[in-house]
$ cat final_26.cif   # mmCIF, C-alpha atoms and all ligand atoms
data_entry
#
loop_
_atom_site.label_atom_id
_atom_site.label_comp_id
_atom_site.auth_asym_id
_atom_site.auth_seq_id
_atom_site.Cartn_x
_atom_site.Cartn_y
_atom_site.Cartn_z
CA MET A 170 61.50 -38.00 -32.94
CA VAL A 171 58.40 -39.91 -33.86
CA SER A 172 58.28 -43.54 -34.94
CA LYS A 173 57.28 -44.13 -38.54
CA GLU A 174 56.62 -47.82 -38.02
CA LEU A 175 53.75 -49.38 -39.93
CA PRO A 176 50.79 -51.22 -38.39
CA PHE A 177 51.05 -53.90 -41.09
CA THR A 178 53.70 -56.04 -42.76
CA LYS A 179 54.58 -56.41 -46.41
CA THR A 180 53.07 -59.92 -46.42
CA GLN A 181 49.80 -58.57 -45.02
CA ILE A 182 49.63 -55.88 -47.69
CA GLU A 183 50.43 -58.42 -50.42
CA GLU A 184 47.43 -60.44 -49.25
CA ILE A 185 45.21 -57.34 -49.20
CA VAL A 186 46.34 -56.31 -52.69
CA LYS A 187 45.04 -59.62 -54.10
CA ARG A 188 41.48 -58.50 -53.28
CA HIS A 189 41.89 -54.72 -53.34
CA PRO A 190 44.14 -53.48 -56.13
CA THR A 191 46.48 -50.56 -55.50
CA PRO A 192 46.33 -47.69 -55.01
CA PHE A 193 44.22 -47.43 -51.85
CA HIS A 194 44.17 -45.64 -48.54
CA ILE A 195 44.14 -47.88 -45.49
CA TYR A 196 43.23 -46.60 -42.02
CA ASP A 197 44.31 -48.17 -38.73
CA GLU A 198 41.10 -48.48 -36.68
CA LYS A 199 42.78 -49.41 -33.41
CA ALA A 200 45.16 -46.46 -33.58
CA ILE A 201 42.27 -44.07 -34.35
CA ARG A 202 40.32 -45.42 -31.36
CA ASP A 203 43.34 -45.30 -29.01
CA ASN A 204 44.10 -41.73 -30.06
CA ALA A 205 40.46 -40.68 -29.54
CA GLU A 206 40.54 -42.15 -26.02
CA ASP A 207 43.87 -40.46 -25.32
CA MET A 208 42.45 -37.09 -26.34
CA LYS A 209 39.36 -37.59 -24.17
CA ARG A 210 41.46 -38.66 -21.20
CA ALA A 211 43.84 -35.70 -21.52
CA PHE A 212 41.08 -33.11 -21.88
CA SER A 213 38.93 -34.50 -19.09
CA VAL A 214 40.57 -31.82 -16.89
CA VAL A 215 38.83 -29.15 -18.99
CA ASN A 216 35.23 -28.18 -18.19
CA GLY A 217 32.68 -30.05 -20.35
CA PHE A 218 35.22 -31.05 -23.00
CA LYS A 219 33.91 -32.37 -26.29
CA GLU A 220 35.54 -32.91 -29.67
CA PHE A 221 33.61 -32.39 -32.91
CA PHE A 222 35.60 -34.19 -35.61
CA ALA A 223 36.12 -31.96 -38.65
CA VAL A 224 34.48 -34.13 -41.30
CA LYS A 225 36.41 -32.53 -44.16
CA ALA A 226 39.60 -34.24 -42.98
CA LEU A 227 38.28 -37.76 -43.61
CA PRO A 228 34.71 -37.63 -44.90
CA ASN A 229 33.74 -41.26 -44.51
CA PRO A 230 30.66 -42.29 -42.49
CA TYR A 231 32.38 -45.45 -41.15
CA ILE A 232 35.07 -43.28 -39.59
CA LEU A 233 32.41 -40.94 -38.20
CA LYS A 234 30.59 -43.91 -36.67
CA ILE A 235 33.80 -45.09 -34.99
CA LEU A 236 34.45 -41.63 -33.57
CA LYS A 237 30.85 -41.32 -32.39
CA GLU A 238 31.43 -44.43 -30.27
CA HIS A 239 34.14 -42.46 -28.48
CA GLY A 240 31.79 -39.58 -27.79
CA PHE A 241 32.90 -37.33 -30.64
CA GLY A 242 30.52 -35.15 -32.55
CA ALA A 243 30.98 -33.91 -36.12
CA ASP A 244 32.05 -30.50 -37.39
CA CYS A 245 30.41 -30.01 -40.78
CA SER A 246 30.80 -27.26 -43.33
CA SER A 247 28.45 -28.19 -46.18
CA LEU A 248 25.21 -29.99 -46.96
CA PRO A 249 26.93 -33.26 -48.01
CA GLU A 250 28.95 -33.22 -44.78
CA LEU A 251 25.76 -32.71 -42.77
CA LEU A 252 24.26 -35.70 -44.59
CA LEU A 253 27.36 -37.82 -43.88
CA ALA A 254 27.06 -37.03 -40.17
CA GLU A 255 23.36 -37.89 -40.25
CA LYS A 256 24.08 -41.23 -41.99
CA ALA A 257 26.60 -42.04 -39.28
CA GLY A 258 23.94 -41.39 -36.64
CA ILE A 259 25.38 -38.08 -35.48
CA THR A 260 22.54 -35.59 -35.12
CA GLY A 261 21.28 -32.71 -33.00
CA GLU A 262 23.81 -30.79 -30.95
CA ASP A 263 26.47 -33.40 -31.68
CA ILE A 264 26.84 -31.54 -34.97
CA MET A 265 28.68 -28.24 -35.16
CA PHE A 266 27.88 -26.49 -38.43
CA SER A 267 30.86 -24.20 -39.08
CA SER A 268 30.42 -23.09 -42.66
CA ASN A 269 31.25 -19.96 -44.56
CA ASP A 270 29.66 -18.22 -47.52
CA THR A 271 26.74 -20.46 -46.60
CA PRO A 272 23.72 -20.97 -48.88
CA ALA A 273 20.28 -20.75 -47.27
CA GLU A 274 19.44 -24.44 -47.88
CA GLU A 275 22.39 -25.48 -45.73
CA PHE A 276 21.14 -23.36 -42.84
CA ILE A 277 17.74 -25.01 -43.30
CA LYS A 278 19.20 -28.55 -43.17
CA ALA A 279 21.41 -27.70 -40.18
CA LYS A 280 18.43 -26.29 -38.29
CA GLU A 281 16.33 -29.34 -39.21
CA LEU A 282 19.02 -31.62 -37.80
CA GLY A 283 19.13 -29.53 -34.62
CA ALA A 284 22.83 -28.81 -35.23
CA ILE A 285 24.67 -26.05 -33.42
CA ILE A 286 24.96 -23.30 -36.02
CA ASN A 287 28.19 -21.36 -36.00
CA LEU A 288 27.85 -18.13 -37.98
CA ASP A 289 30.77 -16.78 -39.95
CA ASP A 290 29.43 -13.25 -40.38
CA ILE A 291 27.12 -10.77 -38.69
CA SER A 292 24.99 -10.47 -41.84
CA HIS A 293 24.19 -14.20 -41.60
CA ILE A 294 21.96 -13.63 -38.55
CA ASP A 295 19.40 -12.15 -40.90
CA VAL A 296 19.92 -14.77 -43.60
CA LEU A 297 19.51 -17.58 -41.07
CA GLU A 298 16.44 -16.01 -39.53
CA LYS A 299 14.74 -15.57 -42.91
CA ALA A 300 15.72 -19.03 -44.18
CA ALA A 301 15.06 -21.21 -41.16
CA GLY A 302 14.17 -19.07 -38.17
CA LEU A 303 16.65 -18.57 -35.35
CA PRO A 304 17.50 -21.74 -33.43
CA ASP A 305 17.81 -21.95 -29.61
CA VAL A 306 21.56 -21.88 -29.67
CA ILE A 307 23.86 -19.80 -31.85
CA CYS A 308 27.61 -19.52 -31.99
CA PHE A 309 29.75 -16.87 -33.66
CA ARG A 310 33.14 -17.37 -35.25
CA TYR A 311 35.58 -14.78 -33.94
CA ASN A 312 38.43 -13.42 -36.07
CA PRO A 313 40.83 -11.92 -33.51
CA GLY A 314 42.62 -9.97 -36.27
CA PRO A 315 45.79 -8.26 -35.08
CA LEU A 316 45.38 -9.74 -31.57
CA LYS A 317 46.66 -13.05 -32.85
CA GLY A 318 49.91 -13.84 -34.67
CA GLY A 319 49.77 -15.72 -37.97
CA ASN A 320 50.12 -19.40 -38.69
CA GLU A 321 51.97 -20.55 -41.80
CA ILE A 322 49.11 -22.42 -43.48
CA ILE A 323 46.11 -20.34 -42.47
CA GLY A 324 47.89 -16.97 -42.64
CA LYS A 325 47.39 -13.82 -40.58
CA PRO A 326 43.92 -13.53 -39.00
CA GLU A 327 43.45 -9.92 -40.14
CA GLU A 328 43.94 -11.01 -43.73
CA SER A 329 41.68 -14.03 -43.45
CA LYS A 330 38.12 -14.03 -44.74
CA TYR A 331 36.68 -15.76 -41.69
CA GLY A 332 34.66 -14.63 -38.75
CA PHE A 333 33.47 -11.54 -36.91
CA THR A 334 35.64 -8.64 -35.80
CA ARG A 335 35.76 -8.03 -32.07
CA GLU A 336 33.30 -5.11 -32.34
CA GLN A 337 30.89 -7.18 -34.42
CA LEU A 338 30.78 -9.84 -31.71
CA PHE A 339 29.29 -7.37 -29.20
CA GLU A 340 26.85 -6.07 -31.77
CA GLY A 341 25.91 -9.60 -32.91
CA TYR A 342 25.20 -11.02 -29.45
CA GLU A 343 23.22 -7.88 -28.64
CA ILE A 344 21.04 -8.56 -31.70
CA LEU A 345 20.57 -12.23 -30.76
CA LYS A 346 19.65 -11.29 -27.21
CA LYS A 347 17.02 -8.83 -28.46
CA LYS A 348 15.62 -11.50 -30.76
CA GLY A 349 15.19 -13.85 -27.82
CA VAL A 350 18.04 -16.31 -28.41
CA LYS A 351 18.94 -17.81 -25.03
CA ARG A 352 21.99 -20.00 -25.54
CA PHE A 353 25.31 -18.77 -26.88
CA GLY A 354 28.63 -20.10 -28.08
CA LEU A 355 31.88 -18.47 -29.15
CA HIS A 356 34.30 -20.02 -31.64
CA THR A 357 37.53 -19.34 -33.43
CA MET A 358 39.77 -21.21 -35.86
CA VAL A 359 43.08 -19.52 -36.48
CA ALA A 360 45.58 -22.34 -36.94
CA SER A 361 46.30 -25.22 -39.24
CA ASN A 362 48.82 -27.99 -38.69
CA GLU A 363 50.28 -26.09 -35.73
CA LEU A 364 52.69 -28.03 -33.50
CA ASN A 365 53.26 -25.34 -30.89
CA VAL A 366 51.26 -25.91 -27.69
CA ASP A 367 51.47 -22.23 -26.69
CA TYR A 368 49.62 -21.25 -29.83
CA PHE A 369 46.51 -23.09 -28.66
CA VAL A 370 46.79 -21.90 -25.10
CA GLU A 371 47.06 -18.31 -26.29
CA THR A 372 44.06 -18.76 -28.58
CA ALA A 373 42.06 -20.14 -25.66
CA ARG A 374 43.04 -17.17 -23.50
CA ILE A 375 41.99 -14.68 -26.21
CA LEU A 376 38.61 -16.41 -26.54
CA PHE A 377 38.05 -16.69 -22.79
CA GLU A 378 38.89 -13.01 -22.31
CA ALA A 379 36.51 -12.05 -25.09
CA ALA A 380 33.79 -14.21 -23.51
CA VAL A 381 34.25 -12.53 -20.13
CA GLU A 382 34.00 -9.07 -21.64
CA ILE A 383 31.01 -9.89 -23.85
CA SER A 384 29.21 -11.58 -20.95
CA GLU A 385 29.61 -8.48 -18.83
CA LYS A 386 28.80 -5.87 -21.48
CA VAL A 387 25.96 -7.67 -23.27
CA GLY A 388 24.61 -9.49 -20.23
CA ILE A 389 24.60 -13.03 -21.63
CA ASP A 390 26.01 -16.36 -20.46
CA PHE A 391 28.12 -18.53 -22.73
CA GLU A 392 27.19 -22.17 -22.83
CA PHE A 393 30.35 -23.19 -24.67
CA ILE A 394 33.58 -21.98 -26.17
CA ASN A 395 34.84 -23.79 -29.26
CA LEU A 396 38.60 -23.54 -29.66
CA GLY A 397 38.50 -24.75 -33.28
CA GLY A 398 40.93 -27.22 -34.81
CA GLY A 399 44.40 -26.93 -36.21
CA ILE A 400 46.43 -29.22 -33.96
CA GLY A 401 49.28 -30.41 -36.16
CA ILE A 402 50.90 -33.80 -36.62
CA PRO A 403 54.55 -34.80 -37.04
CA TYR A 404 54.74 -35.53 -40.76
CA ARG A 405 58.53 -35.63 -40.50
CA PRO A 406 60.25 -38.28 -38.38
CA GLU A 407 62.31 -35.63 -36.58
CA GLN A 408 59.17 -33.79 -35.39
CA GLU A 409 57.33 -34.46 -32.14
CA ARG A 410 53.67 -35.13 -31.45
CA VAL A 411 51.75 -32.29 -29.84
CA SER A 412 50.95 -33.33 -26.29
CA PHE A 413 47.20 -33.31 -25.61
CA ASP A 414 48.09 -33.18 -21.91
CA ALA A 415 50.14 -30.02 -22.38
CA ILE A 416 47.38 -28.24 -24.33
CA ALA A 417 44.78 -29.38 -21.80
CA ALA A 418 46.84 -28.13 -18.85
CA GLY A 419 47.43 -24.76 -20.57
CA VAL A 420 43.77 -24.35 -21.51
CA LYS A 421 42.69 -25.24 -17.96
CA LYS A 422 45.03 -22.62 -16.53
CA ALA A 423 43.85 -19.95 -18.99
CA TYR A 424 40.25 -20.84 -18.07
CA GLU A 425 40.96 -20.41 -14.37
CA ASN A 426 42.72 -17.09 -14.94
CA THR A 427 39.85 -15.64 -16.96
CA ILE A 428 36.44 -17.33 -16.70
CA ILE A 429 36.71 -18.62 -13.14
CA LYS A 430 38.34 -15.42 -11.92
CA ALA A 431 35.50 -13.37 -13.41
CA GLY A 432 33.02 -15.54 -11.52
CA MET A 433 30.86 -15.99 -14.62
CA ARG A 434 28.86 -19.06 -15.57
CA GLN A 435 31.34 -21.72 -16.67
CA PRO A 436 31.09 -22.55 -20.37
CA LYS A 437 32.02 -25.96 -21.74
CA VAL A 438 35.15 -26.17 -23.85
CA TYR A 439 35.02 -27.74 -27.30
CA PHE A 440 37.52 -28.58 -30.00
CA GLU A 441 36.84 -29.34 -33.66
CA CYS A 442 40.07 -30.97 -34.78
CA GLY A 443 40.39 -33.03 -37.93
CA ARG A 444 44.01 -33.71 -38.84
CA VAL A 445 45.24 -34.81 -35.40
CA ILE A 446 42.34 -37.25 -35.00
CA THR A 447 42.94 -39.38 -38.10
CA GLY A 448 45.93 -37.97 -40.02
CA PRO A 449 48.72 -40.21 -38.70
CA TYR A 450 46.60 -43.36 -38.98
CA GLY A 451 46.13 -43.48 -42.75
CA TYR A 452 48.51 -44.81 -45.42
CA LEU A 453 48.37 -44.58 -49.19
CA ILE A 454 49.53 -47.91 -50.60
CA THR A 455 50.83 -47.75 -54.12
CA GLU A 456 52.88 -49.98 -56.42
CA VAL A 457 55.97 -48.84 -58.28
CA ARG A 458 55.01 -49.15 -61.92
CA HIS A 459 58.12 -47.85 -63.68
CA LEU A 460 61.63 -46.77 -62.85
CA LYS A 461 63.05 -44.06 -64.99
CA HIS A 462 66.60 -42.80 -65.18
CA ILE A 463 67.15 -39.49 -66.99
CA TYR A 464 68.82 -36.48 -65.39
CA LYS A 465 67.42 -37.78 -62.10
CA ASP A 466 65.99 -41.10 -60.92
CA TYR A 467 62.23 -41.41 -60.85
CA ALA A 468 60.07 -44.06 -59.25
CA GLY A 469 56.71 -43.82 -60.99
CA THR A 470 53.79 -45.16 -58.94
CA ASP A 471 50.26 -46.24 -59.80
CA ALA A 472 48.92 -43.42 -57.60
CA CYS A 473 48.95 -39.69 -58.32
CA MET A 474 48.06 -36.29 -56.89
CA ALA A 475 44.39 -37.20 -57.20
CA ASN A 476 44.98 -39.62 -54.31
CA LEU A 477 47.11 -37.27 -52.24
CA MET A 478 47.73 -33.73 -53.31
CA ARG A 479 49.44 -32.25 -50.26
CA PRO A 480 53.01 -32.81 -51.52
CA GLY A 481 52.27 -31.39 -54.96
CA VAL A 482 50.27 -28.41 -53.76
CA TYR A 483 52.00 -27.40 -50.51
CA GLY A 484 55.34 -29.14 -50.94
CA ALA A 485 54.28 -31.09 -47.86
CA TYR A 486 56.51 -33.87 -46.58
CA HIS A 487 54.99 -37.35 -46.37
CA HIS A 488 57.20 -40.14 -45.13
CA ILE A 489 57.57 -43.10 -47.49
CA THR A 490 58.39 -46.71 -46.58
CA VAL A 491 59.37 -49.25 -49.22
CA LEU A 492 57.59 -52.34 -47.90
CA GLY A 493 59.90 -55.20 -46.99
CA LYS A 494 62.95 -52.93 -47.22
CA GLU A 495 62.49 -51.22 -43.86
CA LYS A 496 65.94 -52.34 -42.71
CA ASP A 497 67.79 -51.65 -45.98
CA PRO A 498 70.08 -48.60 -46.16
CA ALA A 499 68.43 -45.50 -47.67
CA ASN A 500 71.23 -44.89 -50.14
CA HIS A 501 69.36 -44.15 -53.38
CA LYS A 502 67.90 -40.78 -54.27
CA TYR A 503 64.51 -40.69 -56.00
CA ASP A 504 61.71 -38.43 -57.02
CA VAL A 505 58.64 -40.53 -56.28
CA THR A 506 56.09 -39.53 -58.88
CA GLY A 507 52.48 -39.97 -59.92
CA SER A 508 50.93 -40.40 -63.36
CA LEU A 509 49.38 -36.97 -63.82
CA CYS A 510 50.52 -34.69 -66.67
CA GLU A 511 51.71 -32.13 -64.12
CA ASN A 512 55.32 -31.88 -63.08
CA ASN A 513 54.35 -31.17 -59.48
CA ASP A 514 52.75 -34.61 -59.28
CA LYS A 515 55.48 -35.86 -56.98
CA PHE A 516 55.05 -37.51 -53.59
CA ALA A 517 58.69 -36.86 -52.76
CA ILE A 518 61.62 -35.00 -54.31
CA ASP A 519 65.25 -36.07 -53.84
CA ARG A 520 64.18 -38.58 -51.19
CA MET A 521 66.79 -41.02 -49.93
CA LEU A 522 65.25 -44.50 -50.01
CA PRO A 523 66.41 -48.09 -50.30
CA LYS A 524 66.98 -49.29 -53.87
CA ILE A 525 63.55 -49.59 -55.49
CA GLU A 526 62.50 -52.20 -58.01
CA ARG A 527 59.47 -52.36 -60.29
CA GLY A 528 56.57 -53.89 -58.41
CA ASP A 529 57.73 -52.70 -54.99
CA LEU A 530 54.92 -51.58 -52.74
CA LEU A 531 55.23 -48.18 -51.10
CA ALA A 532 53.41 -46.95 -48.01
CA ILE A 533 53.02 -43.17 -48.04
CA HIS A 534 52.41 -42.15 -44.43
CA ASP A 535 50.02 -39.75 -42.70
CA THR A 536 47.29 -39.77 -45.33
CA GLY A 537 44.44 -40.13 -42.84
CA ALA A 538 43.46 -36.46 -43.13
CA HIS A 539 43.19 -34.32 -46.25
CA GLY A 540 44.37 -37.30 -48.31
CA TYR A 541 41.48 -39.07 -50.02
CA ALA A 542 39.38 -36.05 -49.05
CA MET A 543 41.18 -33.68 -51.42
CA GLY A 544 40.89 -36.06 -54.38
CA PHE A 545 39.78 -34.93 -57.81
CA ASN A 546 39.27 -36.22 -61.34
CA TYR A 547 41.62 -33.97 -63.29
CA ASN A 548 43.35 -35.81 -66.13
CA GLY A 549 40.66 -38.51 -65.92
CA LYS A 550 42.16 -39.88 -62.72
CA LEU A 551 39.83 -41.93 -60.54
CA ARG A 552 39.63 -41.79 -56.77
CA SER A 553 40.89 -44.86 -54.93
CA ALA A 554 39.21 -47.21 -52.48
CA GLU A 555 39.40 -46.67 -48.72
CA LEU A 556 40.05 -49.66 -46.46
CA LEU A 557 39.86 -50.09 -42.73
CA LEU A 558 42.46 -52.24 -40.99
CA ARG A 559 40.53 -53.76 -38.11
CA ASN A 560 41.69 -55.15 -34.80
CA GLY A 561 43.14 -58.59 -35.46
CA GLY A 562 44.29 -57.66 -38.95
CA SER A 563 41.15 -58.15 -41.03
CA VAL A 564 40.31 -55.57 -43.67
CA PHE A 565 36.96 -53.93 -44.33
CA LYS A 566 36.30 -51.85 -47.42
CA ILE A 567 34.72 -48.55 -46.38
CA ARG A 568 34.63 -47.06 -49.87
CA ASN A 569 34.79 -48.53 -53.35
CA ALA A 570 37.31 -47.26 -55.86
CA GLU A 571 35.75 -45.05 -58.51
CA THR A 572 35.17 -46.71 -61.86
CA VAL A 573 35.10 -45.31 -65.36
CA ASP A 574 31.30 -45.55 -65.15
CA ASP A 575 31.35 -43.25 -62.11
CA TYR A 576 33.43 -40.81 -64.13
CA PHE A 577 30.75 -40.75 -66.82
CA THR A 578 27.68 -40.50 -64.55
CA THR A 579 27.39 -36.74 -64.87
CA LEU A 580 27.49 -36.86 -68.68
CA ASP A 581 24.43 -37.38 -70.86
CA LEU A 582 25.88 -39.57 -73.62
CA ASP A 583 22.51 -40.15 -75.28
CA GLY A 584 22.19 -36.40 -75.63
CA LEU A 585 25.64 -36.35 -77.19
CA LYS A 586 24.56 -38.68 -80.00
CA SER A 587 21.92 -36.26 -81.27
CA PHE A 588 23.97 -33.14 -80.50
CA LYS A 589 25.15 -31.26 -83.57
C1 LIG B 1 39.46 -27.33 -41.29
C2 LIG B 1 38.68 -26.90 -40.12
C3 LIG B 1 38.80 -27.56 -38.90
C4 LIG B 1 39.76 -28.70 -38.69
O1 LIG B 1 41.06 -28.35 -38.91
P1 LIG B 1 42.27 -29.37 -38.63
O2 LIG B 1 43.46 -28.58 -39.02
O3 LIG B 1 42.02 -30.54 -39.51
O4 LIG B 1 42.22 -29.72 -37.19
C5 LIG B 1 38.02 -27.14 -37.86
N1 LIG B 1 37.15 -26.12 -38.00
C6 LIG B 1 36.99 -25.46 -39.14
C7 LIG B 1 36.02 -24.35 -39.21
C8 LIG B 1 37.74 -25.82 -40.25
O5 LIG B 1 37.60 -25.15 -41.39
#

$ encode --input "final_26.cif" --output "structure tokens"
Amino acid sequence: MVSKELPFTKTQIEEIVKRHPTPFHIYDEKAIRDNAEDMKRAFSVVNGFKEFFAVKALPNPYILKILKEHGFGADCSSLPELLLAEKAGITGEDIMFSSNDTPAEEFIKAKELGAIINLDDISHIDVLEKAAGLPDVICFRYNPGPLKGGNEIIGKPEESKYGFTREQLFEGYEILKKKGVKRFGLHTMVASNELNVDYFVETARILFEAAVEISEKVGIDFEFINLGGGIGIPYRPEQERVSFDAIAAGVKKAYENTIIKAGMRQPKVYFECGRVITGPYGYLITEVRHLKHIYKDYAGTDACMANLMRPGVYGAYHHITVLGKEKDPANHKYDVTGSLCENNDKFAIDRMLPKIERGDLLAIHDTGAHGYAMGFNYNGKLRSAELLLRNGGSVFKIRNAETVDDYFTTLDLDGLKSFK
């Protein structure tokens, strides 16, 4: 069981709403910082541990700046994400550039920033060399294929588009060695929202074993091994948090049984998690605009899938608290809906909640990763503001809500006037 208590009260949110209209995402800074420290503490038993926050989970430079203060780097996958990291003061080898289907200009920017470039395919060695020249350090993304069982969200590795096959790894490092590259990394990313500790320990073992074999056959040393992201979070109250300590202990043991046993140079161990770093510490605050009683009961909110699309797209569970009614019995069944002309625009289906009235404020939990980030403008919906709840209860706006003017910025309306 995990507590779904809120870091704010109804009164606090009512005050905030006076200055920042709903809907908005609000992130709990203290909880993000405490969690970052907890991760660092737990993984300090692992050689050279470092976390590169996967920017795509919560692409906001204020959040990146907070995480940088805790020693985290940034894992970027596109030019705008590289620029976000740069704006937050994260540069050089504090950036992991793990992209796929990468355009040449992104390789050029990554190289310019001195980022660690993580290649998704053997053919990209050539593309990178021609576009930007080979950097000092290069990492390859490994797709272990049938060696690794599937994960529900990311699917079976052998059916996934990512990474090098095992044979290609040997060939690829051989090529790099011949071309004079001196520093090497090995990476994989085979899980998403995985709550099973053993899954990560097994992934680590597969990577460490591959590193030992490649080191011996190709005659190179690995500077680091990047275990990817994918650590899940308990969206449902009956689920448990993944223990960082348990993963760290398992990874340490796997490291000893492979790398240390082989007597090779000891690579550092990296993670590039997104969801587990910020996911539980964000809340979408929305007001109930209408109540509708037809064949079922609907609570229509002023938010929609454009603010949080995980429930609509994956059927994902997000806990909902009716503010001020935390202690009331959950004896009414609702579909909690958004305003999009799409019937899957529902934050919850058949959810037992306290009796809702128009104007009630809802907190939709666990929106700190892949919430705002997955937003879109379909149906003319505008993205919301993002707020930071600071220590002591003050609120700082870290992103403005989109306006209708923003929606029109990409349109040439003068051109439209003369268009026939
Ligand atoms: C999405 C992604 C991550 C982060 O995944 P989480 O599930 O948020 O931890 C890390 N690395 C790569 C390459 C990714 O695509």

$ closest_atom_pairs --input "final_26.cif" --of "chain A" --to "ligand LIG 1 (chain B)" --cutoff "6 Å" --atoms "all atoms listed in the file" --output "tab-separated table"
residue	atom	partner	partner_atom	distance
A:Ala223	CA	B:LIG1	C4	4.9
A:Ala226	CA	B:LIG1	O3	5.6
A:Ser267	CA	B:LIG1	C7	5.2
A:Met358	CA	B:LIG1	C7	5.9
A:Ser361	CA	B:LIG1	O2	4.4
A:Asn362	CA	B:LIG1	O2	5.4
A:Gly397	CA	B:LIG1	N1	5.1
A:Gly398	CA	B:LIG1	O4	3.7
A:Gly399	CA	B:LIG1	O2	3.4
A:Ile400	CA	B:LIG1	O4	5.3
A:Glu441	CA	B:LIG1	C5	4.9
A:Cys442	CA	B:LIG1	O4	3.5
A:Gly443	CA	B:LIG1	O3	3.4
A:Arg444	CA	B:LIG1	O3	3.8

$ atom_distance --input "final_26.cif" --atom1 "CA of Asn229 (chain A)" --atom2 "CA of Met474 (chain A)"
19.6 Å

$ atom_distance --input "final_26.cif" --atom1 "CA of Ile375 (chain A)" --atom2 "CA of Ala418 (chain A)"
16.1 Å

$ residues_around --input "final_26.cif" --residues "Val215 (chain A)" --least-positions-apart "5" --cutoff "9 Å" --atoms "only C-alpha atoms" --output "PyMOL selection string"
chain A and resi 417-418+420-421+424+437-438

$ residues_around --input "final_26.cif" --residues "Ala301 (chain A)" --least-positions-apart "2" --cutoff "10 Å" --atoms "only C-alpha atoms" --output "MDAnalysis selection string"
chainID A and resid 273:281 296:299 303:304

$ closest_residue --input "final_26.cif" --among "A:Val573, A:Leu522, A:Cys510, A:Ala554" --to "Ile454 (chain A)" --atoms "only C-alpha atoms"
A:Ala554

$ residues_near_point --input "final_26.cif" --point "(52.5, -43.8, -56.3)" --cutoff "10 Å" --atoms "all atoms listed in the file" --output "PyMOL selection string"
chain A and resi 191-192+453-458+468-474+476-477+505-508+514-517+530-533

$ atom_distance --input "final_26.cif" --atom1 "CA of Leu551 (chain A)" --atom2 "CA of Ile402 (chain A)"
27.6 Å

$ residues_around --input "final_26.cif" --residues "Ala257 (chain A)" --least-positions-apart "6" --cutoff "8 Å" --atoms "only C-alpha atoms" --output "list of chain:residue names"
A:Pro230, A:Tyr231, A:Leu233, A:Lys234

$ closest_residue --input "final_26.cif" --among "A:Ile294, A:Ala205, A:Ala373, A:Ile195" --to "Tyr450 (chain A)" --atoms "only C-alpha atoms"
A:Ile195

$ residues_around --input "final_26.cif" --residues "Leu557 (chain A)" --least-positions-apart "2" --cutoff "7 Å" --atoms "all atoms listed in the file" --output "PyMOL selection string"
chain A and resi 195-198+555+559+564-567
